[in-house]
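Shown below: final_16.pdb, with PDB, C-alpha atoms.
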```
ATOM      1  CA  MET A  18      20.937  37.499 111.760
ATOM      2  CA  GLU A  19      17.773  38.371 113.669
ATOM      3  CA  PRO A  20      17.841  37.139 117.273
ATOM      4  CA  ARG A  21      14.920  34.748 116.992
ATOM      5  CA  ILE A  22      13.738  31.193 117.548
ATOM      6  CA  THR A  23      10.905  30.532 115.082
ATOM      7  CA  LEU A  24      10.068  26.948 116.035
ATOM      8  CA  VAL A  25      10.976  24.602 118.853
ATOM      9  CA  THR A  26      10.688  20.976 117.717
ATOM     10  CA  LEU A  27      10.324  18.077 120.148
ATOM     11  CA  GLY A  28      10.925  14.594 118.774
ATOM     12  CA  VAL A  29       8.241  12.206 120.065
ATOM     13  CA  ALA A  30       7.713   8.454 119.934
ATOM     14  CA  ASP A  31       3.924   8.630 120.333
ATOM     15  CA  LEU A  32       2.506  11.586 118.453
ATOM     16  CA  VAL A  33      -1.100  10.945 119.511
ATOM     17  CA  ARG A  34      -0.187  10.875 123.204
ATOM     18  CA  ALA A  35       2.038  13.950 122.882
ATOM     19  CA  ARG A  36      -0.686  15.894 121.066
ATOM     20  CA  ALA A  37      -3.245  14.948 123.702
ATOM     21  CA  PHE A  38      -0.969  16.202 126.476
ATOM     22  CA  TYR A  39      -0.450  19.652 124.932
ATOM     23  CA  GLU A  40      -3.809  20.132 123.223
ATOM     24  CA  THR A  41      -6.253  18.605 125.702
ATOM     25  CA  GLY A  42      -4.102  18.508 128.820
ATOM     26  CA  LEU A  43      -2.617  21.994 128.714
ATOM     27  CA  GLY A  44      -5.246  23.486 126.414
ATOM     28  CA  TRP A  45      -2.885  24.810 123.742
ATOM     29  CA  PRO A  46      -4.167  25.516 120.181
ATOM     30  CA  VAL A  47      -3.224  23.133 117.359
ATOM     31  CA  SER A  48      -2.776  24.426 113.816
ATOM     32  CA  SER A  49      -4.674  22.920 110.894
ATOM     33  CA  ALA A  50      -1.284  22.778 109.123
ATOM     34  CA  SER A  51      -0.484  19.722 111.280
ATOM     35  CA  VAL A  52       0.036  16.466 109.350
ATOM     36  CA  ALA A  53      -1.452  13.266 110.822
ATOM     37  CA  GLY A  54       1.187  10.732 111.835
ATOM     38  CA  GLU A  55       3.996  13.176 111.219
ATOM     39  CA  VAL A  56       3.870  16.567 112.899
ATOM     40  CA  VAL A  57       1.634  18.632 115.189
ATOM     41  CA  PHE A  58       2.107  22.423 115.191
ATOM     42  CA  LEU A  59       1.042  24.215 118.381
ATOM     43  CA  ARG A  60       0.403  27.941 117.963
ATOM     44  CA  LEU A  61       2.130  29.562 120.925
ATOM     45  CA  GLU A  62       2.697  33.288 121.414
ATOM     46  CA  GLY A  63       5.493  34.334 119.055
ATOM     47  CA  VAL A  64       6.847  30.840 118.482
ATOM     48  CA  VAL A  65       5.618  27.528 117.111
ATOM     49  CA  LEU A  66       6.025  24.346 119.149
ATOM     50  CA  ALA A  67       6.255  21.340 116.828
ATOM     51  CA  LEU A  68       5.771  17.741 117.972
ATOM     52  CA  TYR A  69       7.523  15.638 115.366
ATOM     53  CA  ASP A  70       7.932  11.914 114.896
ATOM     54  CA  ALA A  71      11.321  11.074 116.430
ATOM     55  CA  GLY A  72      12.125   8.533 113.724
ATOM     56  CA  LYS A  73      11.608  11.134 111.007
ATOM     57  CA  LEU A  74      13.686  13.644 112.980
ATOM     58  CA  ALA A  75      16.550  11.136 113.247
ATOM     59  CA  LYS A  76      16.323  10.536 109.512
ATOM     60  CA  ASP A  77      16.358  14.295 108.799
ATOM     61  CA  LEU A  78      19.483  14.699 110.903
ATOM     62  CA  GLY A  79      21.131  11.500 109.650
ATOM     63  CA  ARG A  80      21.913  10.308 113.146
ATOM     64  CA  LYS A  81      20.652   8.301 116.101
ATOM     65  CA  LEU A  82      18.970  10.406 118.762
ATOM     66  CA  ASP A  83      19.342  10.019 122.502
ATOM     67  CA  GLY A  84      16.277   8.766 124.270
ATOM     68  CA  GLY A  85      16.939   9.953 127.803
ATOM     69  CA  THR A  86      17.054  13.355 129.448
ATOM     70  CA  ALA A  87      18.472  15.949 127.090
ATOM     71  CA  ARG A  88      20.679  18.894 127.936
ATOM     72  CA  PHE A  89      17.853  21.354 127.448
ATOM     73  CA  THR A  90      14.666  22.503 129.101
ATOM     74  CA  LEU A  91      11.744  24.717 128.179
ATOM     75  CA  ALA A  92      10.456  27.205 130.722
ATOM     76  CA  HIS A  93       7.038  28.758 131.135
ATOM     77  CA  ASN A  94       6.950  31.725 133.480
ATOM     78  CA  ALA A  95       3.785  32.220 135.515
ATOM     79  CA  ARG A  96       2.566  35.464 137.063
ATOM     80  CA  SER A  97       2.422  34.218 140.671
ATOM     81  CA  ARG A  98       3.365  31.325 142.942
ATOM     82  CA  ASP A  99      -0.278  30.263 142.889
ATOM     83  CA  GLU A 100      -0.268  30.081 139.104
ATOM     84  CA  VAL A 101       2.820  27.840 139.224
ATOM     85  CA  ASP A 102       0.939  25.484 141.546
ATOM     86  CA  ARG A 103      -2.182  25.531 139.379
ATOM     87  CA  ILE A 104      -0.231  24.766 136.204
ATOM     88  CA  PHE A 105       1.571  21.933 137.954
ATOM     89  CA  ARG A 106      -1.665  20.330 139.069
ATOM     90  CA  ARG A 107      -3.094  20.649 135.583
ATOM     91  CA  ALA A 108       0.017  19.111 133.971
ATOM     92  CA  GLU A 109       0.106  16.250 136.471
ATOM     93  CA  GLY A 110      -3.552  15.556 135.781
ATOM     94  CA  ALA A 111      -2.678  15.382 132.066
ATOM     95  CA  GLY A 112       0.104  12.839 132.532
ATOM     96  CA  ALA A 113       3.199  14.904 133.353
ATOM     97  CA  ARG A 114       5.720  13.343 135.724
ATOM     98  CA  THR A 115       6.978  15.639 138.459
ATOM     99  CA  LEU A 116      10.776  15.796 138.705
ATOM    100  CA  GLN A 117      10.848  18.483 141.382
ATOM    101  CA  PRO A 118       7.695  19.920 142.938
ATOM    102  CA  PRO A 119       7.372  23.722 142.993
ATOM    103  CA  GLN A 120       9.503  25.241 145.752
ATOM    104  CA  ALA A 121      11.344  28.422 146.671
ATOM    105  CA  THR A 122      14.543  28.827 144.648
ATOM    106  CA  SER A 123      18.003  30.128 145.533
ATOM    107  CA  TRP A 124      17.429  33.104 143.206
ATOM    108  CA  GLY A 125      14.395  34.360 145.064
ATOM    109  CA  GLY A 126      11.703  32.831 142.905
ATOM    110  CA  TYR A 127       9.490  29.757 142.978
ATOM    111  CA  SER A 128       9.673  26.927 140.465
ATOM    112  CA  GLY A 129       9.341  23.240 139.734
ATOM    113  CA  HIS A 130      10.188  20.850 136.903
ATOM    114  CA  PHE A 131       8.103  18.188 135.222
ATOM    115  CA  ALA A 132       8.623  15.845 132.266
ATOM    116  CA  ASP A 133       5.971  15.603 129.574
ATOM    117  CA  PRO A 134       4.816  12.080 128.584
ATOM    118  CA  GLU A 135       7.814  11.848 126.186
ATOM    119  CA  GLY A 136      10.349  12.906 128.837
ATOM    120  CA  HIS A 137      10.858  16.475 127.614
ATOM    121  CA  VAL A 138      11.435  18.705 130.631
ATOM    122  CA  TRP A 139       9.559  21.901 131.486
ATOM    123  CA  GLU A 140      10.279  24.341 134.275
ATOM    124  CA  ILE A 141       7.269  26.284 135.517
ATOM    125  CA  ALA A 142       8.580  29.362 137.296
ATOM    126  CA  TRP A 143       7.592  32.558 139.040
ATOM    127  CA  ASN A 144      10.518  34.968 138.796
ATOM    128  CA  PRO A 145      10.098  38.367 140.477
ATOM    129  CA  HIS A 146      13.215  39.668 138.687
ATOM    130  CA  PHE A 147      11.778  39.094 135.187
ATOM    131  CA  PRO A 148       8.584  41.188 134.878
ATOM    132  CA  PHE A 149       6.087  40.527 132.097
ATOM    133  CA  ALA A 150       5.854  42.602 128.918
ATOM    134  CA  ALA A 151       2.456  43.440 127.448
ATOM    135  CA  ASP A 152       2.666  40.490 125.076
ATOM    136  CA  GLY A 153       3.308  38.016 127.899
ATOM    137  CA  SER A 154       7.015  37.534 127.285
ATOM    138  CA  VAL A 155       9.414  38.545 130.065
ATOM    139  CA  VAL A 156      11.578  41.648 130.235
ATOM    140  CA  ILE A 157      15.209  41.049 131.105
ATOM    141  CA  PRO A 158      17.878  43.748 131.452
ATOM    142  CA  GLU A 159      19.903  44.793 128.401
TER     143      GLU A 159
ATOM    144  CA  MET B 239      -2.429  28.081 130.903
ATOM    145  CA  GLU B 240      -1.156  30.620 128.371
ATOM    146  CA  PRO B 241       0.348  28.972 125.269
ATOM    147  CA  ARG B 242       3.871  30.261 125.758
ATOM    148  CA  ILE B 243       7.532  29.295 126.001
ATOM    149  CA  THR B 244       9.276  31.934 128.109
ATOM    150  CA  LEU B 245      12.818  30.566 128.034
ATOM    151  CA  VAL B 246      14.658  27.898 126.104
ATOM    152  CA  THR B 247      17.630  26.612 128.103
ATOM    153  CA  LEU B 248      20.558  24.796 126.498
ATOM    154  CA  GLY B 249      22.900  22.910 128.826
ATOM    155  CA  VAL B 250      26.534  23.556 127.824
ATOM    156  CA  ALA B 251      29.897  22.137 128.864
ATOM    157  CA  ASP B 252      31.884  25.241 127.900
ATOM    158  CA  LEU B 253      29.972  28.405 128.702
ATOM    159  CA  VAL B 254      32.643  30.767 127.351
ATOM    160  CA  ARG B 255      32.728  28.991 123.985
ATOM    161  CA  ALA B 256      28.933  28.791 123.786
ATOM    162  CA  ARG B 257      28.553  32.501 124.610
ATOM    163  CA  ALA B 258      31.138  33.437 121.974
ATOM    164  CA  PHE B 259      29.244  31.465 119.320
ATOM    165  CA  TYR B 260      25.910  33.173 119.957
ATOM    166  CA  GLU B 261      27.113  36.652 120.979
ATOM    167  CA  THR B 262      30.075  37.226 118.661
ATOM    168  CA  GLY B 263      29.434  34.575 116.027
ATOM    169  CA  LEU B 264      25.719  35.143 115.420
ATOM    170  CA  GLY B 265      25.616  38.670 116.847
ATOM    171  CA  TRP B 266      22.840  38.111 119.374
ATOM    172  CA  PRO B 267      22.448  40.438 122.393
ATOM    173  CA  VAL B 268      23.472  39.218 125.858
ATOM    174  CA  SER B 269      21.647  40.440 128.967
ATOM    175  CA  SER B 270      23.524  42.007 131.889
ATOM    176  CA  ALA B 271      21.510  39.634 134.081
ATOM    177  CA  SER B 272      23.889  36.844 132.958
ATOM    178  CA  VAL B 273      25.987  35.288 135.742
ATOM    179  CA  ALA B 274      29.650  34.504 134.959
ATOM    180  CA  GLY B 275      30.441  30.796 135.057
ATOM    181  CA  GLU B 276      26.793  29.874 135.396
ATOM    182  CA  VAL B 277      24.320  31.260 132.878
ATOM    183  CA  VAL B 278      24.179  33.537 129.823
ATOM    184  CA  PHE B 279      20.818  35.048 128.884
ATOM    185  CA  LEU B 280      20.375  35.982 125.211
ATOM    186  CA  ARG B 281      17.610  38.507 124.540
ATOM    187  CA  LEU B 282      15.748  37.120 121.533
ATOM    188  CA  GLU B 283      12.452  38.400 120.158
ATOM    189  CA  GLY B 284       9.706  37.260 122.541
ATOM    190  CA  VAL B 285      11.744  34.530 124.205
ATOM    191  CA  VAL B 286      14.954  34.244 126.217
ATOM    192  CA  LEU B 287      17.642  31.759 125.173
ATOM    193  CA  ALA B 288      19.646  30.674 128.214
ATOM    194  CA  LEU B 289      23.030  28.948 128.004
ATOM    195  CA  TYR B 290      23.434  27.132 131.303
ATOM    196  CA  ASP B 291      26.199  25.043 132.782
ATOM    197  CA  ALA B 292      25.241  21.425 132.025
ATOM    198  CA  GLY B 293      26.486  20.206 135.408
ATOM    199  CA  LYS B 294      24.235  22.647 137.228
ATOM    200  CA  LEU B 295      21.322  21.685 134.991
ATOM    201  CA  ALA B 296      21.847  17.996 135.807
ATOM    202  CA  LYS B 297      21.910  18.855 139.506
ATOM    203  CA  ASP B 298      18.718  20.928 139.198
ATOM    204  CA  LEU B 299      16.962  18.002 137.519
ATOM    205  CA  GLY B 300      18.483  15.359 139.793
ATOM    206  CA  ARG B 301      19.551  13.203 136.867
ATOM    207  CA  LYS B 302      22.315  12.434 134.434
ATOM    208  CA  LEU B 303      21.896  14.173 131.079
ATOM    209  CA  ASP B 304      22.539  12.695 127.660
ATOM    210  CA  GLY B 305      25.532  14.108 125.858
ATOM    211  CA  GLY B 306      24.694  13.219 122.281
ATOM    212  CA  THR B 307      22.069  14.402 119.847
ATOM    213  CA  ALA B 308      18.821  15.165 121.605
ATOM    214  CA  ARG B 309      15.313  14.631 120.341
ATOM    215  CA  PHE B 310      14.781  18.326 119.768
ATOM    216  CA  THR B 311      15.832  21.081 117.416
ATOM    217  CA  LEU B 312      15.486  24.838 117.284
ATOM    218  CA  ALA B 313      14.525  26.479 114.012
ATOM    219  CA  HIS B 314      15.192  29.963 112.716
ATOM    220  CA  ASN B 315      13.143  30.919 109.671
ATOM    221  CA  ALA B 316      14.769  33.229 107.164
ATOM    222  CA  ARG B 317      13.021  35.468 104.637
ATOM    223  CA  SER B 318      14.629  33.999 101.522
ATOM    224  CA  ARG B 319      16.824  31.166 100.249
ATOM    225  CA  ASP B 320      19.702  33.635 100.069
ATOM    226  CA  GLU B 321      19.298  34.537 103.723
ATOM    227  CA  VAL B 322      19.445  30.840 104.643
ATOM    228  CA  ASP B 323      22.755  30.574 102.774
ATOM    229  CA  ARG B 324      24.131  33.741 104.397
ATOM    230  CA  ILE B 325      23.208  32.582 107.902
ATOM    231  CA  PHE B 326      24.786  29.204 107.239
ATOM    232  CA  ARG B 327      28.064  30.768 106.123
ATOM    233  CA  ARG B 328      28.096  33.028 109.181
ATOM    234  CA  ALA B 329      27.409  30.129 111.561
ATOM    235  CA  GLU B 330      30.055  27.943 109.936
ATOM    236  CA  GLY B 331      32.546  30.770 110.280
ATOM    237  CA  ALA B 332      31.685  30.965 113.970
ATOM    238  CA  GLY B 333      32.301  27.262 114.597
ATOM    239  CA  ALA B 334      29.023  25.558 113.721
ATOM    240  CA  ARG B 335      29.247  22.067 112.242
ATOM    241  CA  THR B 336      27.065  21.458 109.192
ATOM    242  CA  LEU B 337      24.886  18.356 109.469
ATOM    243  CA  GLN B 338      23.026  18.938 106.222
ATOM    244  CA  PRO B 339      23.803  21.844 103.892
ATOM    245  CA  PRO B 340      20.869  24.007 102.790
ATOM    246  CA  GLN B 341      18.851  22.301 100.071
ATOM    247  CA  ALA B 342      15.356  22.150  98.613
ATOM    248  CA  THR B 343      12.958  20.248 100.892
ATOM    249  CA  SER B 344      10.100  17.837 100.210
ATOM    250  CA  TRP B 345       7.637  20.426 101.584
ATOM    251  CA  GLY B 346       8.539  23.056  99.025
ATOM    252  CA  GLY B 347      10.992  25.078 101.084
ATOM    253  CA  TYR B 348      14.749  25.317 101.522
ATOM    254  CA  SER B 349      16.591  24.411 104.697
ATOM    255  CA  GLY B 350      19.701  23.008 106.317
ATOM    256  CA  HIS B 351      20.793  21.861 109.762
ATOM    257  CA  PHE B 352      23.891  22.677 111.773
ATOM    258  CA  ALA B 353      25.100  21.852 115.277
ATOM    259  CA  ASP B 354      26.373  24.633 117.531
ATOM    260  CA  PRO B 355      29.763  24.051 119.239
ATOM    261  CA  GLU B 356      27.957  22.122 122.009
ATOM    262  CA  GLY B 357      26.071  19.869 119.586
ATOM    263  CA  HIS B 358      22.677  21.570 119.875
ATOM    264  CA  VAL B 359      20.952  21.417 116.499
ATOM    265  CA  TRP B 360      19.488  24.350 114.578
ATOM    266  CA  GLU B 361      17.482  24.251 111.379
ATOM    267  CA  ILE B 362      17.733  27.379 109.228
ATOM    268  CA  ALA B 363      14.739  27.385 106.915
ATOM    269  CA  TRP B 364      12.911  29.327 104.268
ATOM    270  CA  ASN B 365       9.275  28.213 104.274
ATOM    271  CA  PRO B 366       6.956  29.823 101.711
ATOM    272  CA  HIS B 367       3.914  28.395 103.525
ATOM    273  CA  PHE B 368       4.668  30.217 106.807
ATOM    274  CA  PRO B 369       4.656  33.978 106.079
ATOM    275  CA  PHE B 370       6.189  36.428 108.554
ATOM    276  CA  ALA B 371       4.160  38.509 110.997
ATOM    277  CA  ALA B 372       5.137  42.121 111.675
ATOM    278  CA  ASP B 373       7.091  41.075 114.779
ATOM    279  CA  GLY B 374       9.180  38.559 112.814
ATOM    280  CA  SER B 375       7.436  35.427 114.066
ATOM    281  CA  VAL B 376       5.683  33.241 111.502
ATOM    282  CA  VAL B 377       1.969  32.977 110.838
ATOM    283  CA  ILE B 378       0.594  29.445 110.680
ATOM    284  CA  PRO B 379      -3.042  28.549 110.031
ATOM    285  CA  GLU B 380      -5.467  28.233 112.945
TER     286      GLU B 380
END
```

What does this structure look like when you write it as C-alpha cells?
Amino acid sequence: MEPRITLVTLGVADLVRARAFYETGLGWPVSSASVAGEVVFLRLEGVVLALYDAGKLAKDLGRKLDGGTARFTLAHNARSRDEVDRIFRRAEGAGARTLQPPQATSWGGYSGHFADPEGHVWEIAWNPHFPFAADGSVVIPE
Amino acid sequence: MEPRITLVTLGVADLVRARAFYETGLGWPVSSASVAGEVVFLRLEGVVLALYDAGKLAKDLGRKLDGGTARFTLAHNARSRDEVDRIFRRAEGAGARTLQPPQATSWGGYSGHFADPEGHVWEIAWNPHFPFAADGSVVIPE
C-alpha cells in the first residue's frame, strides 16, 4: 500500500462560510469539480482538501458525528517566524478563532493554533528541524 | 499563504497500537525523528502523518477532545477496484474495523470506509474521474 493521503475531508455545517474562509480568506484555489451545496474541493500541493456537508458525511459513515474538538489537527509549516505571524493575522482577519497565539515551543520552533469557522484546528508552525523540500513539503529523517 | 497541508496529526490513546497498525499493518515508513511515548512520524508522499498522544494534544489545545467519530476523514485513492479490495483486506487483517465494505458509489467509483484501531476513519477509493499524477497524487480540474 503506497504511503499516501489523497484527500483530507472536513465535515462542515455551513459550506458557504467554510468555502469563503479557505478560498477568499486564505486564498486557496477551488476546483471546478466542486458540487454546490455538497462538496468543495481545494487544490492543495499534493493533496486535496475537501469541505463536505457534515450531514452527508454522517450518512456516508452511518453514524452520528461529534461536533466539538476532534482528536486531530492539520499543520501548515511556514518558512520563518514572521510568516507564521503573517498567516495568523490573515486567518484571524478571515474569521479564524485563535486557540493559542504563535509562541516559542519546547521543541525549538515557533507555532500557534487556530480553529477555522467550523472548529477544525490548524497549527501554523516554523520548525527549524524540518527543512523544506523543493516542492514545499518538509523533509524529515528516515 | 501556500495551499498546503504539511502534517496531519491524529490524537491516539494507545501509541504503540496505533504505530503497529500503520507501520507493520499497512507497511508505512516511520521516521527516526519519532519520540517514544509521545509522537510517531510516518513519512508519506508529500505530507507527514503524525500519531500523537491524545492527552498531550488536548493539553496543547487547552481543551477536552471528543472521543467518538470526528467530522473528518482521510482518503487514500487506489488505482483500481481490485486494489481497493486488497487494501481493505490488509487493513482488516491489521485490526481495522470496517464501517462500510467497498461498493459501487453514486459518483461512478468504488469505495469503502474503515476505522483504524483508534477510531479514525479512512476511505479507500477508486475514482475514475480523478486520474493519478506522476507523483501518485490525483489530478482534479482547476

* Asked: How many Å separate CA of Ser349 (chain B) from CA of Ile362 (chain B)?
  -> 5.5 Å

Result of fitting chain B on chain A (Cα atoms paired in order), as a CSV table (one decimal) with C-alpha atoms, in the coordinates of the input:
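Result saved to out_34.csv:
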```
chain,number,residue,atom,x,y,z
B,239,MET,CA,20.9,37.5,111.7
B,240,GLU,CA,17.8,38.4,113.7
B,241,PRO,CA,17.9,37.1,117.3
B,242,ARG,CA,14.9,34.8,117.0
B,243,ILE,CA,13.7,31.2,117.5
B,244,THR,CA,10.9,30.5,115.1
B,245,LEU,CA,10.1,27.0,116.0
B,246,VAL,CA,11.0,24.6,118.8
B,247,THR,CA,10.7,21.0,117.7
B,248,LEU,CA,10.3,18.1,120.1
B,249,GLY,CA,10.9,14.6,118.8
B,250,VAL,CA,8.2,12.2,120.1
B,251,ALA,CA,7.7,8.4,119.9
B,252,ASP,CA,3.9,8.6,120.3
B,253,LEU,CA,2.5,11.6,118.5
B,254,VAL,CA,-1.1,10.9,119.5
B,255,ARG,CA,-0.2,10.9,123.2
B,256,ALA,CA,2.0,13.9,122.9
B,257,ARG,CA,-0.7,15.9,121.1
B,258,ALA,CA,-3.3,15.0,123.7
B,259,PHE,CA,-1.0,16.2,126.5
B,260,TYR,CA,-0.5,19.6,124.9
B,261,GLU,CA,-3.8,20.1,123.2
B,262,THR,CA,-6.3,18.6,125.7
B,263,GLY,CA,-4.1,18.5,128.8
B,264,LEU,CA,-2.6,22.0,128.7
B,265,GLY,CA,-5.3,23.5,126.4
B,266,TRP,CA,-2.9,24.8,123.7
B,267,PRO,CA,-4.2,25.5,120.2
B,268,VAL,CA,-3.2,23.1,117.4
B,269,SER,CA,-2.8,24.4,113.8
B,270,SER,CA,-4.7,22.9,110.9
B,271,ALA,CA,-1.3,22.8,109.1
B,272,SER,CA,-0.5,19.7,111.3
B,273,VAL,CA,0.0,16.5,109.3
B,274,ALA,CA,-1.4,13.3,110.8
B,275,GLY,CA,1.2,10.7,111.8
B,276,GLU,CA,4.0,13.2,111.2
B,277,VAL,CA,3.9,16.6,112.9
B,278,VAL,CA,1.6,18.6,115.2
B,279,PHE,CA,2.1,22.4,115.2
B,280,LEU,CA,1.0,24.2,118.4
B,281,ARG,CA,0.4,27.9,118.0
B,282,LEU,CA,2.1,29.6,120.9
B,283,GLU,CA,2.7,33.3,121.4
B,284,GLY,CA,5.5,34.3,119.0
B,285,VAL,CA,6.9,30.9,118.5
B,286,VAL,CA,5.6,27.5,117.1
B,287,LEU,CA,6.0,24.3,119.1
B,288,ALA,CA,6.2,21.3,116.8
B,289,LEU,CA,5.8,17.8,118.0
B,290,TYR,CA,7.5,15.6,115.4
B,291,ASP,CA,7.9,11.9,114.9
B,292,ALA,CA,11.3,11.1,116.4
B,293,GLY,CA,12.1,8.5,113.7
B,294,LYS,CA,11.6,11.1,111.0
B,295,LEU,CA,13.7,13.6,113.0
B,296,ALA,CA,16.5,11.1,113.3
B,297,LYS,CA,16.3,10.5,109.5
B,298,ASP,CA,16.4,14.3,108.8
B,299,LEU,CA,19.5,14.7,110.9
B,300,GLY,CA,21.1,11.5,109.7
B,301,ARG,CA,21.9,10.3,113.2
B,302,LYS,CA,20.7,8.3,116.1
B,303,LEU,CA,19.0,10.4,118.8
B,304,ASP,CA,19.3,10.0,122.5
B,305,GLY,CA,16.3,8.8,124.3
B,306,GLY,CA,17.0,10.0,127.8
B,307,THR,CA,17.1,13.4,129.5
B,308,ALA,CA,18.5,16.0,127.1
B,309,ARG,CA,20.7,18.9,127.9
B,310,PHE,CA,17.9,21.4,127.4
B,311,THR,CA,14.7,22.5,129.1
B,312,LEU,CA,11.8,24.7,128.2
B,313,ALA,CA,10.5,27.2,130.7
B,314,HIS,CA,7.0,28.8,131.1
B,315,ASN,CA,6.9,31.7,133.5
B,316,ALA,CA,3.8,32.2,135.5
B,317,ARG,CA,2.6,35.5,137.1
B,318,SER,CA,2.4,34.2,140.7
B,319,ARG,CA,3.4,31.3,142.9
B,320,ASP,CA,-0.3,30.3,142.9
B,321,GLU,CA,-0.3,30.1,139.1
B,322,VAL,CA,2.8,27.8,139.2
B,323,ASP,CA,0.9,25.5,141.6
B,324,ARG,CA,-2.2,25.5,139.4
B,325,ILE,CA,-0.2,24.8,136.2
B,326,PHE,CA,1.6,21.9,138.0
B,327,ARG,CA,-1.7,20.3,139.1
B,328,ARG,CA,-3.1,20.6,135.6
B,329,ALA,CA,0.0,19.1,134.0
B,330,GLU,CA,0.1,16.3,136.5
B,331,GLY,CA,-3.5,15.5,135.8
B,332,ALA,CA,-2.7,15.4,132.1
B,333,GLY,CA,0.1,12.8,132.5
B,334,ALA,CA,3.2,14.9,133.3
B,335,ARG,CA,5.7,13.3,135.7
B,336,THR,CA,7.0,15.6,138.5
B,337,LEU,CA,10.8,15.8,138.7
B,338,GLN,CA,10.9,18.5,141.4
B,339,PRO,CA,7.7,19.9,142.9
B,340,PRO,CA,7.4,23.7,143.0
B,341,GLN,CA,9.5,25.2,145.8
B,342,ALA,CA,11.3,28.4,146.7
B,343,THR,CA,14.6,28.8,144.7
B,344,SER,CA,18.0,30.1,145.5
B,345,TRP,CA,17.4,33.1,143.2
B,346,GLY,CA,14.4,34.4,145.1
B,347,GLY,CA,11.7,32.8,142.9
B,348,TYR,CA,9.5,29.7,143.0
B,349,SER,CA,9.7,26.9,140.5
B,350,GLY,CA,9.4,23.2,139.7
B,351,HIS,CA,10.2,20.8,136.9
B,352,PHE,CA,8.1,18.2,135.2
B,353,ALA,CA,8.6,15.8,132.3
B,354,ASP,CA,6.0,15.6,129.6
B,355,PRO,CA,4.8,12.1,128.6
B,356,GLU,CA,7.8,11.8,126.2
B,357,GLY,CA,10.3,12.9,128.8
B,358,HIS,CA,10.9,16.5,127.6
B,359,VAL,CA,11.4,18.7,130.6
B,360,TRP,CA,9.6,21.9,131.5
B,361,GLU,CA,10.3,24.3,134.3
B,362,ILE,CA,7.3,26.3,135.5
B,363,ALA,CA,8.6,29.4,137.3
B,364,TRP,CA,7.6,32.5,139.0
B,365,ASN,CA,10.5,35.0,138.8
B,366,PRO,CA,10.1,38.4,140.5
B,367,HIS,CA,13.2,39.7,138.7
B,368,PHE,CA,11.8,39.1,135.2
B,369,PRO,CA,8.6,41.2,134.9
B,370,PHE,CA,6.1,40.5,132.1
B,371,ALA,CA,5.9,42.6,128.9
B,372,ALA,CA,2.4,43.4,127.5
B,373,ASP,CA,2.7,40.5,125.1
B,374,GLY,CA,3.3,38.0,127.9
B,375,SER,CA,7.0,37.5,127.3
B,376,VAL,CA,9.4,38.5,130.1
B,377,VAL,CA,11.6,41.6,130.2
B,378,ILE,CA,15.2,41.0,131.1
B,379,PRO,CA,17.9,43.7,131.4
B,380,GLU,CA,19.9,44.8,128.4
```

* To do: Would you write out, as a VMD selection string, every residue that the PyMOL selection byres ((chain B) within 6 of (chain A)) captures in this file?
  => chain B and resid 241 to 249 266 269 to 270 282 to 284 303 to 304 307 to 315 375 379 to 380

* By how many Å are CA of Asp354 (chain B) and CA of Arg335 (chain B) apart? ->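 We find that CA of Asp354 (chain B) and CA of Arg335 (chain B) lie 6.5 Å from each other.
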
* Asked: What separation in Å, quoted to one decimal, exists between CA of Thr336 (chain B) and CA of Pro366 (chain B)?
  ->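 Pair CA of Thr336 (chain B) / CA of Pro366 (chain B) returns 23.0 Å.
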
Can you take region 88-122 of chain A from the block and write C-alpha atoms as a compact mmCIF listing (two decimals), in the first residue's frame?
```txt
# COMPACT_ATOMS: atom_id res chain seq x y z
CA ARG A 88 -8.61 14.32 18.13
CA PHE A 89 -6.83 15.59 15.05
CA THR A 90 -5.19 18.71 13.71
CA LEU A 91 -3.83 19.88 10.38
CA ALA A 92 -0.50 21.66 10.28
CA HIS A 93 0.89 24.15 7.80
CA ASN A 94 4.61 24.77 8.13
CA ALA A 95 5.86 28.26 7.32
CA ARG A 96 9.38 29.23 6.30
CA SER A 97 10.01 31.72 9.13
CA ARG A 98 8.60 33.04 12.39
CA ASP A 99 7.46 36.13 10.51
CA GLU A 100 5.50 34.02 8.05
CA VAL A 101 3.74 32.28 10.96
CA ASP A 102 2.69 35.69 12.28
CA ARG A 103 1.54 36.87 8.86
CA ILE A 104 -0.55 33.75 8.26
CA PHE A 105 -2.11 34.09 11.69
CA ARG A 106 -3.14 37.67 11.06
CA ARG A 107 -4.60 36.72 7.70
CA ALA A 108 -6.56 33.79 9.18
CA GLU A 109 -7.88 35.90 12.05
CA GLY A 110 -9.00 38.54 9.58
CA ALA A 111 -10.88 35.80 7.71
CA GLY A 112 -12.75 34.57 10.78
CA ALA A 113 -10.39 32.07 12.44
CA ARG A 114 -10.50 31.87 16.22
CA THR A 115 -7.12 31.84 17.92
CA LEU A 116 -6.68 28.97 20.40
CA GLN A 117 -3.04 29.73 21.16
CA PRO A 118 -1.19 32.69 19.66
CA PRO A 119 2.15 31.96 17.98
CA GLN A 120 4.91 31.47 20.55
CA ALA A 121 8.23 29.71 21.04
CA THR A 122 7.78 25.96 21.52
```
